[in-house]
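Visitor: I am sharing my_file27.pdb, which consists of PDB, C-alpha atoms and all ligand atoms:
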MODEL        1
ATOM      1  CA  MET A   6      10.897 -13.150  14.935  1.00  0.00           C
ATOM      2  CA  ASN A   7       7.381 -12.019  14.016  1.00  0.00           C
ATOM      3  CA  GLU A   8       6.534 -10.369  10.688  1.00  0.00           C
ATOM      4  CA  ASN A   9       6.390  -6.849  12.126  1.00  0.00           C
ATOM      5  CA  ASN A  10       9.853  -7.127  13.648  1.00  0.00           C
ATOM      6  CA  LEU A  11      11.204  -8.428  10.347  1.00  0.00           C
ATOM      7  CA  TRP A  12       9.945  -5.289   8.590  1.00  0.00           C
ATOM      8  CA  LEU A  13      11.346  -2.997  11.278  1.00  0.00           C
ATOM      9  CA  GLU A  14      14.685  -4.746  10.956  1.00  0.00           C
ATOM     10  CA  ARG A  15      14.613  -4.362   7.163  1.00  0.00           C
ATOM     11  CA  TRP A  16      14.230  -0.606   7.565  1.00  0.00           C
ATOM     12  CA  GLU A  17      17.020  -0.474  10.163  1.00  0.00           C
ATOM     13  CA  ASN A  18      19.339  -2.457   7.865  1.00  0.00           C
ATOM     14  CA  ARG A  19      18.274  -0.491   4.759  1.00  0.00           C
ATOM     15  CA  GLU A  20      17.023  -3.636   3.033  1.00  0.00           C
ATOM     16  CA  ILE A  21      14.469  -1.565   1.153  1.00  0.00           C
ATOM     17  CA  GLY A  22      14.823  -2.727  -2.448  1.00  0.00           C
ATOM     18  CA  PHE A  23      11.044  -2.328  -2.786  1.00  0.00           C
ATOM     19  CA  ASN A  24      11.332   1.459  -2.495  1.00  0.00           C
ATOM     20  CA  GLN A  25      10.907   3.083  -5.925  1.00  0.00           C
ATOM     21  CA  GLU A  26      13.091   5.915  -7.174  1.00  0.00           C
ATOM     22  CA  GLU A  27      10.397   7.064  -9.578  1.00  0.00           C
ATOM     23  CA  VAL A  28       6.642   7.394  -9.369  1.00  0.00           C
ATOM     24  CA  ASN A  29       4.928   4.129 -10.291  1.00  0.00           C
ATOM     25  CA  ALA A  30       3.961   4.124 -13.975  1.00  0.00           C
ATOM     26  CA  TYR A  31       0.763   2.146 -13.321  1.00  0.00           C
ATOM     27  CA  LEU A  32      -0.334   4.760 -10.794  1.00  0.00           C
ATOM     28  CA  ILE A  33       0.189   7.504 -13.363  1.00  0.00           C
ATOM     29  CA  ASN A  34      -1.517   5.543 -16.158  1.00  0.00           C
ATOM     30  CA  TYR A  35      -4.509   4.203 -14.276  1.00  0.00           C
ATOM     31  CA  PHE A  36      -5.248   6.504 -11.342  1.00  0.00           C
ATOM     32  CA  GLN A  37      -7.924   8.338 -13.334  1.00  0.00           C
ATOM     33  CA  GLU A  38      -9.894   5.067 -13.522  1.00  0.00           C
ATOM     34  CA  LEU A  39     -10.855   5.691  -9.897  1.00  0.00           C
ATOM     35  CA  ASN A  40     -12.752   8.715 -11.139  1.00  0.00           C
ATOM     36  CA  LEU A  41     -12.206  10.701  -7.959  1.00  0.00           C
ATOM     37  CA  ALA A  42     -13.574  14.142  -7.256  1.00  0.00           C
ATOM     38  CA  GLU A  43     -11.118  16.968  -6.690  1.00  0.00           C
ATOM     39  CA  LYS A  44      -9.551  17.039  -3.234  1.00  0.00           C
ATOM     40  CA  SER A  45     -10.399  13.441  -2.433  1.00  0.00           C
ATOM     41  CA  THR A  46      -8.663  11.452   0.293  1.00  0.00           C
ATOM     42  CA  VAL A  47      -6.529   8.506  -0.792  1.00  0.00           C
ATOM     43  CA  PHE A  48      -5.446   5.847   1.685  1.00  0.00           C
ATOM     44  CA  VAL A  49      -2.020   4.295   1.107  1.00  0.00           C
ATOM     45  CA  PRO A  50      -1.705   1.212   3.329  1.00  0.00           C
ATOM     46  CA  LEU A  51       1.780  -0.032   4.292  1.00  0.00           C
ATOM     47  CA  CYS A  52       3.116   3.086   2.622  1.00  0.00           C
ATOM     48  CA  GLY A  53       6.831   2.923   3.437  1.00  0.00           C
ATOM     49  CA  LYS A  54       8.311   6.198   2.189  1.00  0.00           C
ATOM     50  CA  SER A  55       6.782   5.813  -1.224  1.00  0.00           C
ATOM     51  CA  ILE A  56       7.428   8.561  -3.761  1.00  0.00           C
ATOM     52  CA  ASP A  57       3.914   7.823  -5.059  1.00  0.00           C
ATOM     53  CA  ILE A  58       2.601   9.831  -2.113  1.00  0.00           C
ATOM     54  CA  SER A  59       4.187  13.011  -3.471  1.00  0.00           C
ATOM     55  CA  TRP A  60       2.471  12.375  -6.832  1.00  0.00           C
ATOM     56  CA  LEU A  61      -0.933  11.888  -5.147  1.00  0.00           C
ATOM     57  CA  LEU A  62      -0.448  15.119  -3.173  1.00  0.00           C
ATOM     58  CA  ALA A  63       0.521  16.928  -6.376  1.00  0.00           C
ATOM     59  CA  GLN A  64      -2.829  15.882  -7.909  1.00  0.00           C
ATOM     60  CA  GLY A  65      -4.478  17.941  -5.162  1.00  0.00           C
ATOM     61  CA  HIS A  66      -5.635  14.978  -3.072  1.00  0.00           C
ATOM     62  CA  ALA A  67      -5.158  14.417   0.626  1.00  0.00           C
ATOM     63  CA  VAL A  68      -3.207  11.298   1.575  1.00  0.00           C
ATOM     64  CA  VAL A  69      -3.570   9.110   4.634  1.00  0.00           C
ATOM     65  CA  GLY A  70      -1.006   6.363   5.116  1.00  0.00           C
ATOM     66  CA  VAL A  71       0.007   3.777   7.666  1.00  0.00           C
ATOM     67  CA  GLU A  72       3.479   2.350   8.107  1.00  0.00           C
ATOM     68  CA  LEU A  73       5.155   0.312  10.835  1.00  0.00           C
ATOM     69  CA  SER A  74       8.520   1.995  10.571  1.00  0.00           C
ATOM     70  CA  GLN A  75       9.107   5.403  12.096  1.00  0.00           C
ATOM     71  CA  ILE A  76      12.347   5.606  10.097  1.00  0.00           C
ATOM     72  CA  ALA A  77      10.348   5.412   6.842  1.00  0.00           C
ATOM     73  CA  VAL A  78       7.850   8.054   7.892  1.00  0.00           C
ATOM     74  CA  GLU A  79      10.473  10.491   9.156  1.00  0.00           C
ATOM     75  CA  GLU A  80      12.442  10.108   5.923  1.00  0.00           C
ATOM     76  CA  LEU A  81       9.320  10.636   3.843  1.00  0.00           C
ATOM     77  CA  PHE A  82       8.483  13.912   5.581  1.00  0.00           C
ATOM     78  CA  GLN A  83      12.088  15.018   5.197  1.00  0.00           C
ATOM     79  CA  GLU A  84      12.142  14.144   1.483  1.00  0.00           C
ATOM     80  CA  LEU A  85       8.877  15.995   0.917  1.00  0.00           C
ATOM     81  CA  GLY A  86      10.294  19.006   2.753  1.00  0.00           C
ATOM     82  CA  LEU A  87       7.371  18.956   5.187  1.00  0.00           C
ATOM     83  CA  LYS A  88       7.488  19.490   8.919  1.00  0.00           C
ATOM     84  CA  ALA A  89       5.240  17.114  10.828  1.00  0.00           C
ATOM     85  CA  ASN A  90       3.087  17.766  13.839  1.00  0.00           C
ATOM     86  CA  ILE A  91       3.539  14.622  15.892  1.00  0.00           C
ATOM     87  CA  SER A  92       0.992  13.233  18.329  1.00  0.00           C
ATOM     88  CA  THR A  93      -0.060   9.885  19.744  1.00  0.00           C
ATOM     89  CA  LEU A  94      -3.380   8.119  19.434  1.00  0.00           C
ATOM     90  CA  ASN A  95      -3.652   4.858  21.345  1.00  0.00           C
ATOM     91  CA  GLU A  96      -0.975   2.534  19.900  1.00  0.00           C
ATOM     92  CA  LEU A  97      -0.313   4.815  16.919  1.00  0.00           C
ATOM     93  CA  THR A  98       1.918   7.842  16.394  1.00  0.00           C
ATOM     94  CA  VAL A  99       0.434  10.403  14.020  1.00  0.00           C
ATOM     95  CA  TYR A 100       2.563  12.522  11.679  1.00  0.00           C
ATOM     96  CA  GLN A 101       0.506  15.299  10.192  1.00  0.00           C
ATOM     97  CA  SER A 102       1.170  18.182   7.830  1.00  0.00           C
ATOM     98  CA  LYS A 103      -1.252  19.978   5.517  1.00  0.00           C
ATOM     99  CA  ASN A 104      -2.891  17.252   3.368  1.00  0.00           C
ATOM    100  CA  LEU A 105      -0.745  14.408   4.601  1.00  0.00           C
ATOM    101  CA  THR A 106      -1.494  12.208   7.612  1.00  0.00           C
ATOM    102  CA  LEU A 107       0.696   9.198   8.292  1.00  0.00           C
ATOM    103  CA  PHE A 108       0.087   6.767  11.130  1.00  0.00           C
ATOM    104  CA  VAL A 109       3.147   4.996  12.447  1.00  0.00           C
ATOM    105  CA  GLY A 110       2.199   1.568  13.743  1.00  0.00           C
ATOM    106  CA  ASP A 111       0.444  -1.628  12.838  1.00  0.00           C
ATOM    107  CA  ILE A 112      -2.378  -1.259  10.305  1.00  0.00           C
ATOM    108  CA  PHE A 113      -4.471  -3.553  12.481  1.00  0.00           C
ATOM    109  CA  HIS A 114      -4.496  -0.823  15.157  1.00  0.00           C
ATOM    110  CA  LEU A 115      -6.023   1.631  12.695  1.00  0.00           C
ATOM    111  CA  HIS A 116      -9.823   1.732  12.858  1.00  0.00           C
ATOM    112  CA  ALA A 117     -12.579   3.394  10.829  1.00  0.00           C
ATOM    113  CA  ASP A 118     -13.184   6.149  13.386  1.00  0.00           C
ATOM    114  CA  ILE A 119      -9.484   7.071  13.445  1.00  0.00           C
ATOM    115  CA  ILE A 120      -8.809   6.986   9.716  1.00  0.00           C
ATOM    116  CA  GLY A 121     -11.823   9.147   8.755  1.00  0.00           C
ATOM    117  CA  LYS A 122     -13.509   9.228   5.359  1.00  0.00           C
ATOM    118  CA  ILE A 123     -11.504   7.506   2.618  1.00  0.00           C
ATOM    119  CA  ASP A 124     -12.407   7.970  -1.054  1.00  0.00           C
ATOM    120  CA  ALA A 125      -9.965   5.461  -2.539  1.00  0.00           C
ATOM    121  CA  VAL A 126      -7.218   3.003  -1.638  1.00  0.00           C
ATOM    122  CA  TYR A 127      -3.917   2.776  -3.492  1.00  0.00           C
ATOM    123  CA  ASP A 128      -2.277  -0.573  -2.724  1.00  0.00           C
ATOM    124  CA  ARG A 129       1.206  -0.906  -4.158  1.00  0.00           C
ATOM    125  CA  ALA A 130       3.434  -3.535  -2.524  1.00  0.00           C
ATOM    126  CA  ALA A 131       1.099  -3.799   0.475  1.00  0.00           C
ATOM    127  CA  MET A 132      -1.072  -6.883  -0.151  1.00  0.00           C
ATOM    128  CA  VAL A 133       1.883  -8.652  -1.797  1.00  0.00           C
ATOM    129  CA  ALA A 134       4.108  -7.832   1.186  1.00  0.00           C
ATOM    130  CA  LEU A 135       2.034  -9.975   3.519  1.00  0.00           C
ATOM    131  CA  THR A 136       1.926 -13.736   4.137  1.00  0.00           C
ATOM    132  CA  LYS A 137      -1.116 -15.672   2.964  1.00  0.00           C
ATOM    133  CA  GLU A 138      -2.647 -15.734   6.465  1.00  0.00           C
ATOM    134  CA  LEU A 139      -2.094 -12.010   6.941  1.00  0.00           C
ATOM    135  CA  ARG A 140      -3.561 -11.217   3.521  1.00  0.00           C
ATOM    136  CA  VAL A 141      -6.903 -12.667   4.625  1.00  0.00           C
ATOM    137  CA  LYS A 142      -6.907 -10.490   7.745  1.00  0.00           C
ATOM    138  CA  TYR A 143      -5.582  -7.462   5.844  1.00  0.00           C
ATOM    139  CA  SER A 144      -8.187  -7.506   3.066  1.00  0.00           C
ATOM    140  CA  LYS A 145     -11.057  -7.787   5.579  1.00  0.00           C
ATOM    141  CA  HIS A 146      -9.563  -4.949   7.580  1.00  0.00           C
ATOM    142  CA  ILE A 147      -9.159  -2.712   4.510  1.00  0.00           C
ATOM    143  CA  CYS A 148     -12.850  -3.245   3.653  1.00  0.00           C
ATOM    144  CA  GLN A 149     -13.887  -2.408   7.215  1.00  0.00           C
ATOM    145  CA  ILE A 150     -11.832   0.702   7.803  1.00  0.00           C
ATOM    146  CA  THR A 151     -12.432   2.250   4.376  1.00  0.00           C
ATOM    147  CA  HIS A 152     -16.081   1.156   4.048  1.00  0.00           C
ATOM    148  CA  ASN A 153     -15.197  -0.612   0.774  1.00  0.00           C
ATOM    149  CA  ALA A 154     -13.680   2.458  -0.871  1.00  0.00           C
ATOM    150  CA  PRO A 155     -12.620   1.757  -4.486  1.00  0.00           C
ATOM    151  CA  GLN A 156      -9.094   0.526  -4.934  1.00  0.00           C
ATOM    152  CA  LEU A 157      -6.251   0.573  -7.375  1.00  0.00           C
ATOM    153  CA  LEU A 158      -4.502  -2.684  -6.466  1.00  0.00           C
ATOM    154  CA  LEU A 159      -1.094  -3.616  -7.884  1.00  0.00           C
ATOM    155  CA  CYS A 160      -0.098  -7.273  -7.593  1.00  0.00           C
ATOM    156  CA  PHE A 161       2.558  -9.650  -8.847  1.00  0.00           C
ATOM    157  CA  GLU A 162       1.918 -13.046 -10.376  1.00  0.00           C
ATOM    158  CA  TYR A 163       4.605 -15.727 -10.600  1.00  0.00           C
ATOM    159  CA  ASP A 164       5.122 -19.358  -9.649  1.00  0.00           C
ATOM    160  CA  GLN A 165       5.092 -19.233  -5.832  1.00  0.00           C
ATOM    161  CA  ALA A 166       6.761 -22.662  -5.717  1.00  0.00           C
ATOM    162  CA  LEU A 167       9.926 -21.053  -7.144  1.00  0.00           C
ATOM    163  CA  MET A 168      10.188 -18.281  -4.545  1.00  0.00           C
ATOM    164  CA  ASN A 169       8.438 -18.207  -1.211  1.00  0.00           C
ATOM    165  CA  ARG A 170       9.014 -14.766   0.222  1.00  0.00           C
ATOM    166  CA  THR A 171       7.989 -11.142  -0.340  1.00  0.00           C
ATOM    167  CA  PRO A 172       6.769  -9.887  -2.680  1.00  0.00           C
ATOM    168  CA  TYR A 173       4.303 -12.755  -2.749  1.00  0.00           C
ATOM    169  CA  SER A 174       2.376 -13.841  -5.824  1.00  0.00           C
ATOM    170  CA  VAL A 175      -1.301 -12.891  -5.521  1.00  0.00           C
ATOM    171  CA  GLU A 176      -3.332 -14.368  -8.335  1.00  0.00           C
ATOM    172  CA  GLU A 177      -6.745 -13.485  -9.683  1.00  0.00           C
ATOM    173  CA  ALA A 178      -8.631 -16.199  -7.743  1.00  0.00           C
ATOM    174  CA  GLU A 179      -7.166 -14.939  -4.490  1.00  0.00           C
ATOM    175  CA  VAL A 180      -8.048 -11.307  -5.223  1.00  0.00           C
ATOM    176  CA  GLN A 181     -11.565 -12.521  -5.999  1.00  0.00           C
ATOM    177  CA  ASN A 182     -11.685 -14.445  -2.693  1.00  0.00           C
ATOM    178  CA  HIS A 183     -10.584 -11.444  -0.669  1.00  0.00           C
ATOM    179  CA  TYR A 184     -12.603  -8.760  -2.361  1.00  0.00           C
ATOM    180  CA  GLY A 185     -15.262 -10.378  -4.593  1.00  0.00           C
ATOM    181  CA  GLU A 186     -17.958 -10.060  -1.931  1.00  0.00           C
ATOM    182  CA  HIS A 187     -17.697  -6.265  -1.786  1.00  0.00           C
ATOM    183  CA  TYR A 188     -16.211  -5.253  -5.115  1.00  0.00           C
ATOM    184  CA  THR A 189     -16.434  -5.752  -8.837  1.00  0.00           C
ATOM    185  CA  LEU A 190     -12.956  -6.511 -10.143  1.00  0.00           C
ATOM    186  CA  GLN A 191     -11.696  -5.058 -13.382  1.00  0.00           C
ATOM    187  CA  LEU A 192      -8.349  -6.081 -14.814  1.00  0.00           C
ATOM    188  CA  LEU A 193      -6.510  -2.988 -16.060  1.00  0.00           C
ATOM    189  CA  ALA A 194      -3.163  -4.545 -16.934  1.00  0.00           C
ATOM    190  CA  ARG A 195      -1.258  -7.814 -16.842  1.00  0.00           C
ATOM    191  CA  GLU A 196       2.244  -7.354 -18.206  1.00  0.00           C
ATOM    192  CA  ALA A 197       5.285  -9.590 -18.088  1.00  0.00           C
ATOM    193  CA  ILE A 198       8.134  -7.956 -16.165  1.00  0.00           C
ATOM    194  CA  GLU A 199      11.122  -7.676 -18.461  1.00  0.00           C
ATOM    195  CA  GLY A 200      13.672 -10.234 -17.281  1.00  0.00           C
ATOM    196  CA  GLY A 201      11.313 -11.342 -14.484  1.00  0.00           C
ATOM    197  CA  PHE A 202      12.438 -11.024 -10.853  1.00  0.00           C
ATOM    198  CA  LYS A 203      16.202 -10.593 -10.542  1.00  0.00           C
ATOM    199  CA  GLY A 204      16.548 -11.599 -14.207  1.00  0.00           C
ATOM    200  CA  LYS A 205      15.606 -15.188 -13.320  1.00  0.00           C
ATOM    201  CA  LEU A 206      12.027 -15.805 -12.313  1.00  0.00           C
ATOM    202  CA  PRO A 207       9.269 -15.022 -14.857  1.00  0.00           C
ATOM    203  CA  ALA A 208       6.747 -12.677 -13.255  1.00  0.00           C
ATOM    204  CA  SER A 209       3.994 -10.264 -14.234  1.00  0.00           C
ATOM    205  CA  ASP A 210       2.721  -6.958 -12.966  1.00  0.00           C
ATOM    206  CA  VAL A 211      -1.039  -7.036 -12.558  1.00  0.00           C
ATOM    207  CA  VAL A 212      -3.239  -4.009 -11.960  1.00  0.00           C
ATOM    208  CA  TRP A 213      -6.787  -4.281 -10.626  1.00  0.00           C
ATOM    209  CA  LEU A 214      -9.504  -1.713 -10.318  1.00  0.00           C
ATOM    210  CA  LEU A 215     -11.876  -2.603  -7.481  1.00  0.00           C
ATOM    211  CA  LYS A 216     -15.183  -0.790  -7.487  1.00  0.00           C
ATOM    212  CA  SER A 217     -17.771  -1.187  -4.750  1.00  0.00           C
ATOM    213  CA  SER A 218     -20.491  -3.575  -5.993  1.00  0.00           C
TER     214      SER A 218
HETATM  215  C1  LIG A 301       7.093  -3.913   0.433  1.00  0.00           C
HETATM  216  S1  LIG A 301       7.022  -2.490   1.428  1.00  0.00           S
HETATM  217  C2  LIG A 301       6.098  -1.379   0.388  1.00  0.00           C
HETATM  218  C3  LIG A 301       6.089   0.040   0.842  1.00  0.00           C
HETATM  219  C4  LIG A 301       5.329   0.994  -0.103  1.00  0.00           C
HETATM  220  N1  LIG A 301       3.952   0.591  -0.306  1.00  0.00           N
HETATM  221  C5  LIG A 301       6.040   1.146  -1.414  1.00  0.00           C
HETATM  222  O1  LIG A 301       5.401   0.964  -2.461  1.00  0.00           O
HETATM  223  O2  LIG A 301       7.244   1.476  -1.405  1.00  0.00           O
HETATM  224  C6  LIG A 301       5.875  -2.944   2.672  1.00  0.00           C
HETATM  225  C7  LIG A 301       5.812  -1.967   3.824  1.00  0.00           C
HETATM  226  O3  LIG A 301       4.795  -2.362   4.728  1.00  0.00           O
HETATM  227  C8  LIG A 301       5.203  -2.094   6.048  1.00  0.00           C
HETATM  228  N2  LIG A 301       4.402  -2.999   6.900  1.00  0.00           N
HETATM  229  C9  LIG A 301       4.460  -4.344   6.951  1.00  0.00           C
HETATM  230  N3  LIG A 301       3.532  -4.826   7.797  1.00  0.00           N
HETATM  231  C10 LIG A 301       2.848  -3.761   8.284  1.00  0.00           C
HETATM  232  C11 LIG A 301       1.757  -3.614   9.199  1.00  0.00           C
HETATM  233  N4  LIG A 301       1.209  -4.669   9.796  1.00  0.00           N
HETATM  234  N5  LIG A 301       1.289  -2.369   9.459  1.00  0.00           N
HETATM  235  C12 LIG A 301       1.860  -1.271   8.860  1.00  0.00           C
HETATM  236  N6  LIG A 301       2.895  -1.353   7.989  1.00  0.00           N
HETATM  237  C13 LIG A 301       3.390  -2.581   7.706  1.00  0.00           C
HETATM  238  C14 LIG A 301       6.696  -2.390   6.037  1.00  0.00           C
HETATM  239  O4  LIG A 301       7.398  -1.741   7.060  1.00  0.00           O
HETATM  240  C15 LIG A 301       7.091  -1.887   4.647  1.00  0.00           C
HETATM  241  O5  LIG A 301       7.536  -0.561   4.672  1.00  0.00           O
ENDMDL
END
As C-alpha cells, what does this structure read like?
Ligand SMILES: C[S@@+](CC[C@H](N)C(=O)[O-])C[C@H]1O[C@@H](n2cnc3c(N)ncnc32)[C@H](O)[C@@H]1O

Guide:
Amino acid sequence: MNENNLWLERWENREIGFNQEEVNAYLINYFQELNLAEKSTVFVPLCGKSIDISWLLAQGHAVVGVELSQIAVEELFQELGLKANISTLNELTVYQSKNLTLFVGDIFHLHADIIGKIDAVYDRAAMVALTKELRVKYSKHICQITHNAPQLLLCFEYDQALMNRTPYSVEEAEVQNHYGEHYTLQLLAREAIEGGFKGKLPASDVVWLLKSS
C-alpha cells in the first residue's frame, strides 16, 4: 500500500493520535517570531483537522491548507462551524469559506499558481509525517509553491534506530540540507518531551524559525 493510502486508511480507522485537543503551545509562544503583517496568509501543509487552524484564524490571518483526507477536512469545517463552498480544480477539491481555503488532495498536486501568495508556512507534524525520500521532495516543493515564505517548523528528534515510523526524527543537519540553500535557520526551542514517546523512547520537541536568506 502506498503512503497516501496508508494515511487515508488511518483517517477511516480513526488512527489519529497525532490530532491535538489543544492549540499547540509552540505555535502560541513563537508565532510572533514570524513577524507577520495583519491579515497575512499562512499555509498549513498536511493540515489534518488541526485545531491550530482555528487559532491562526482568530489572529486575523487567512489560512490555506492541504490535506489528503476528505474526512479530516469535512470534520474541520464542521468543528469550526463553517459552511464550505466546494469546487474542483484539476486533481484537487477545494473547500472554501471566508478566510479559510483547504485543498483536499496530494500536496504534490498543489502548485504556486493555485495556492496564491503565501506569507508564512506553519509546519506541525507535516515534515515529520513523511518518509526520508518524501521529505526531500516535500521540502523542495514547499520552497517552490510558497516562494520560500518564512516558516515555523516543528520537528521531533530521537534515535531513529529505536523506532522507524511516523513521526520521524528530523535532525538539525537534515533541516539544514533541505532548507539551508534558501533560508537562515534559527533554533527557537529544543525541549525534552516529558516521558519521551509513549513513556519509553527519549525524544525532544524542536522548533525552527526559517527566514528567507
Ligand atoms: C501526522 S498528521 C498531522 C496533521 C496536522 N498537521 C496536525 O498537526 O494535526 C499528517 C497529515 O498529513 C496528511 N498527508 C500525508 N501525506 C499527504 C500528502 N502527500 N498530501 C496531503 N496531505 C498528506 C495525512 O492525511 C495526515 O492528516

Visitor: Quick one: which chain A residues come within 7 Å of ligand LIG 301 (chain A), and what is the nearest atom pair for each with the distance in Å to one decimal, counting only C-alpha atoms and all ligand atoms, rows ordered by chain and ascending number, as a tab-separated table?

Guide:
residue	atom	partner	partner_atom	distance
A:Glu8	CA	A:LIG301	N3	6.9
A:Asn9	CA	A:LIG301	N3	5.6
A:Trp12	CA	A:LIG301	O4	4.6
A:Leu13	CA	A:LIG301	O4	5.9
A:Trp16	CA	A:LIG301	O4	6.9
A:Phe23	CA	A:LIG301	C1	5.3
A:Asn24	CA	A:LIG301	O2	4.2
A:Gln25	CA	A:LIG301	O2	6.0
A:Pro50	CA	A:LIG301	N1	6.8
A:Leu51	CA	A:LIG301	O3	3.8
A:Cys52	CA	A:LIG301	N1	3.9
A:Gly53	CA	A:LIG301	O5	3.8
A:Lys54	CA	A:LIG301	O2	6.0
A:Ser55	CA	A:LIG301	O2	4.4
A:Val71	CA	A:LIG301	C12	5.5
A:Glu72	CA	A:LIG301	N6	3.8
A:Leu73	CA	A:LIG301	N6	4.0
A:Ser74	CA	A:LIG301	O4	5.2
A:Ala77	CA	A:LIG301	O5	6.9
A:Gly110	CA	A:LIG301	C12	5.7
A:Asp111	CA	A:LIG301	N5	3.6
A:Ile112	CA	A:LIG301	N5	3.9
A:Phe113	CA	A:LIG301	N4	6.4
A:Asp128	CA	A:LIG301	N1	6.8
A:Arg129	CA	A:LIG301	O1	4.9
A:Ala130	CA	A:LIG301	C2	4.5
A:Ala131	CA	A:LIG301	N1	5.3
A:Ala134	CA	A:LIG301	C1	5.0
A:Leu135	CA	A:LIG301	N3	6.9
A:Pro172	CA	A:LIG301	C1	6.7

Visitor: For A:Ile91, work out the shell of residues within 12 Å, counting only C-alpha atoms and skipping chain neighbours fewer than 3 positions away, then give it as a ChimeraX atom specification.

Guide: /A:75,78-79,82,88,94,97-102,106-109

Visitor: Those residues with C-alpha atoms, as a PDB file, in the coordinates of the input please?

Guide:
ATOM      1  CA  GLN A  75       9.107   5.403  12.096  1.00  0.00           C
ATOM      2  CA  VAL A  78       7.850   8.054   7.892  1.00  0.00           C
ATOM      3  CA  GLU A  79      10.473  10.491   9.156  1.00  0.00           C
ATOM      4  CA  PHE A  82       8.483  13.912   5.581  1.00  0.00           C
ATOM      5  CA  LYS A  88       7.488  19.490   8.919  1.00  0.00           C
ATOM      6  CA  LEU A  94      -3.380   8.119  19.434  1.00  0.00           C
ATOM      7  CA  LEU A  97      -0.313   4.815  16.919  1.00  0.00           C
ATOM      8  CA  THR A  98       1.918   7.842  16.394  1.00  0.00           C
ATOM      9  CA  VAL A  99       0.434  10.403  14.020  1.00  0.00           C
ATOM     10  CA  TYR A 100       2.563  12.522  11.679  1.00  0.00           C
ATOM     11  CA  GLN A 101       0.506  15.299  10.192  1.00  0.00           C
ATOM     12  CA  SER A 102       1.170  18.182   7.830  1.00  0.00           C
ATOM     13  CA  THR A 106      -1.494  12.208   7.612  1.00  0.00           C
ATOM     14  CA  LEU A 107       0.696   9.198   8.292  1.00  0.00           C
ATOM     15  CA  PHE A 108       0.087   6.767  11.130  1.00  0.00           C
ATOM     16  CA  VAL A 109       3.147   4.996  12.447  1.00  0.00           C
TER      17      VAL A 109
END

Visitor: Can you tell me which residues surround stretch 195-212 of chain A at a distance of at most 12 Å, considering all atoms listed in the file, apart from same-chain residues fewer than 4 positions away, and format the answer as a count of residues only?

Guide: 39

Visitor: Just give me the residues with any atom within 9 Å of (3.5, 16.9, -2.2), file coordinates, counting only C-alpha atoms, written as a list in words.

Guide: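 Checking each residue against the 9 Å limit leaves Ile58, Ser59, Trp60, Leu61, Leu62, Ala63, Gln64, Gly65, Leu85, Gly86, Leu87, Asn104 and Leu105 of chain A.
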
Visitor: From the options A:Asn18, A:Asn95, A:Asn7, A:Gln37, which residue's atoms come nearest to A:Leu139, counting all atoms listed in the file?

Guide: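 The closest residue to A:Leu139 is A:Asn7.
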
Visitor: Generate the missing atoms of stretch 171-185 of chain A up to N, CA and C atoms and report them as a PDB file, keeping the file's coordinate frame.

Guide:
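Writing the result to part21.pdb gives the following:
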ATOM      1  N   THR A 171       8.533 -12.379   0.220  1.00  0.00           N
ATOM      2  CA  THR A 171       7.989 -11.142  -0.340  1.00  0.00           C
ATOM      3  C   THR A 171       8.820 -10.710  -1.548  1.00  0.00           C
ATOM      4  N   PRO A 172       8.205 -10.062  -2.530  1.00  0.00           N
ATOM      5  CA  PRO A 172       6.769  -9.887  -2.680  1.00  0.00           C
ATOM      6  C   PRO A 172       6.105 -11.193  -3.100  1.00  0.00           C
ATOM      7  N   TYR A 173       4.988 -11.517  -2.442  1.00  0.00           N
ATOM      8  CA  TYR A 173       4.303 -12.755  -2.749  1.00  0.00           C
ATOM      9  C   TYR A 173       3.513 -12.630  -4.054  1.00  0.00           C
ATOM     10  N   SER A 174       3.235 -13.795  -4.649  1.00  0.00           N
ATOM     11  CA  SER A 174       2.376 -13.841  -5.824  1.00  0.00           C
ATOM     12  C   SER A 174       0.927 -13.825  -5.340  1.00  0.00           C
ATOM     13  N   VAL A 175       0.131 -12.930  -5.879  1.00  0.00           N
ATOM     14  CA  VAL A 175      -1.301 -12.891  -5.521  1.00  0.00           C
ATOM     15  C   VAL A 175      -2.081 -12.964  -6.825  1.00  0.00           C
ATOM     16  N   GLU A 176      -2.684 -14.124  -7.048  1.00  0.00           N
ATOM     17  CA  GLU A 176      -3.332 -14.368  -8.335  1.00  0.00           C
ATOM     18  C   GLU A 176      -4.798 -13.952  -8.311  1.00  0.00           C
ATOM     19  N   GLU A 177      -5.375 -13.977  -9.511  1.00  0.00           N
ATOM     20  CA  GLU A 177      -6.745 -13.485  -9.683  1.00  0.00           C
ATOM     21  C   GLU A 177      -7.749 -14.153  -8.722  1.00  0.00           C
ATOM     22  N   ALA A 178      -7.664 -15.482  -8.593  1.00  0.00           N
ATOM     23  CA  ALA A 178      -8.631 -16.199  -7.743  1.00  0.00           C
ATOM     24  C   ALA A 178      -8.540 -15.703  -6.299  1.00  0.00           C
ATOM     25  N   GLU A 179      -7.326 -15.412  -5.874  1.00  0.00           N
ATOM     26  CA  GLU A 179      -7.166 -14.939  -4.490  1.00  0.00           C
ATOM     27  C   GLU A 179      -7.742 -13.537  -4.321  1.00  0.00           C
ATOM     28  N   VAL A 180      -7.483 -12.671  -5.306  1.00  0.00           N
ATOM     29  CA  VAL A 180      -8.048 -11.307  -5.223  1.00  0.00           C
ATOM     30  C   VAL A 180      -9.574 -11.415  -5.158  1.00  0.00           C
ATOM     31  N   GLN A 181     -10.114 -12.301  -5.976  1.00  0.00           N
ATOM     32  CA  GLN A 181     -11.565 -12.521  -5.999  1.00  0.00           C
ATOM     33  C   GLN A 181     -12.050 -13.015  -4.625  1.00  0.00           C
ATOM     34  N   ASN A 182     -11.312 -13.933  -4.022  1.00  0.00           N
ATOM     35  CA  ASN A 182     -11.685 -14.445  -2.693  1.00  0.00           C
ATOM     36  C   ASN A 182     -11.701 -13.345  -1.648  1.00  0.00           C
ATOM     37  N   HIS A 183     -10.691 -12.499  -1.681  1.00  0.00           N
ATOM     38  CA  HIS A 183     -10.584 -11.444  -0.669  1.00  0.00           C
ATOM     39  C   HIS A 183     -11.647 -10.369  -0.866  1.00  0.00           C
ATOM     40  N   TYR A 184     -11.840  -9.990  -2.123  1.00  0.00           N
ATOM     41  CA  TYR A 184     -12.603  -8.760  -2.361  1.00  0.00           C
ATOM     42  C   TYR A 184     -13.901  -8.947  -3.157  1.00  0.00           C
ATOM     43  N   GLY A 185     -14.114 -10.156  -3.707  1.00  0.00           N
ATOM     44  CA  GLY A 185     -15.262 -10.378  -4.593  1.00  0.00           C
ATOM     45  C   GLY A 185     -16.613 -10.093  -3.949  1.00  0.00           C
TER      46      GLY A 185
END
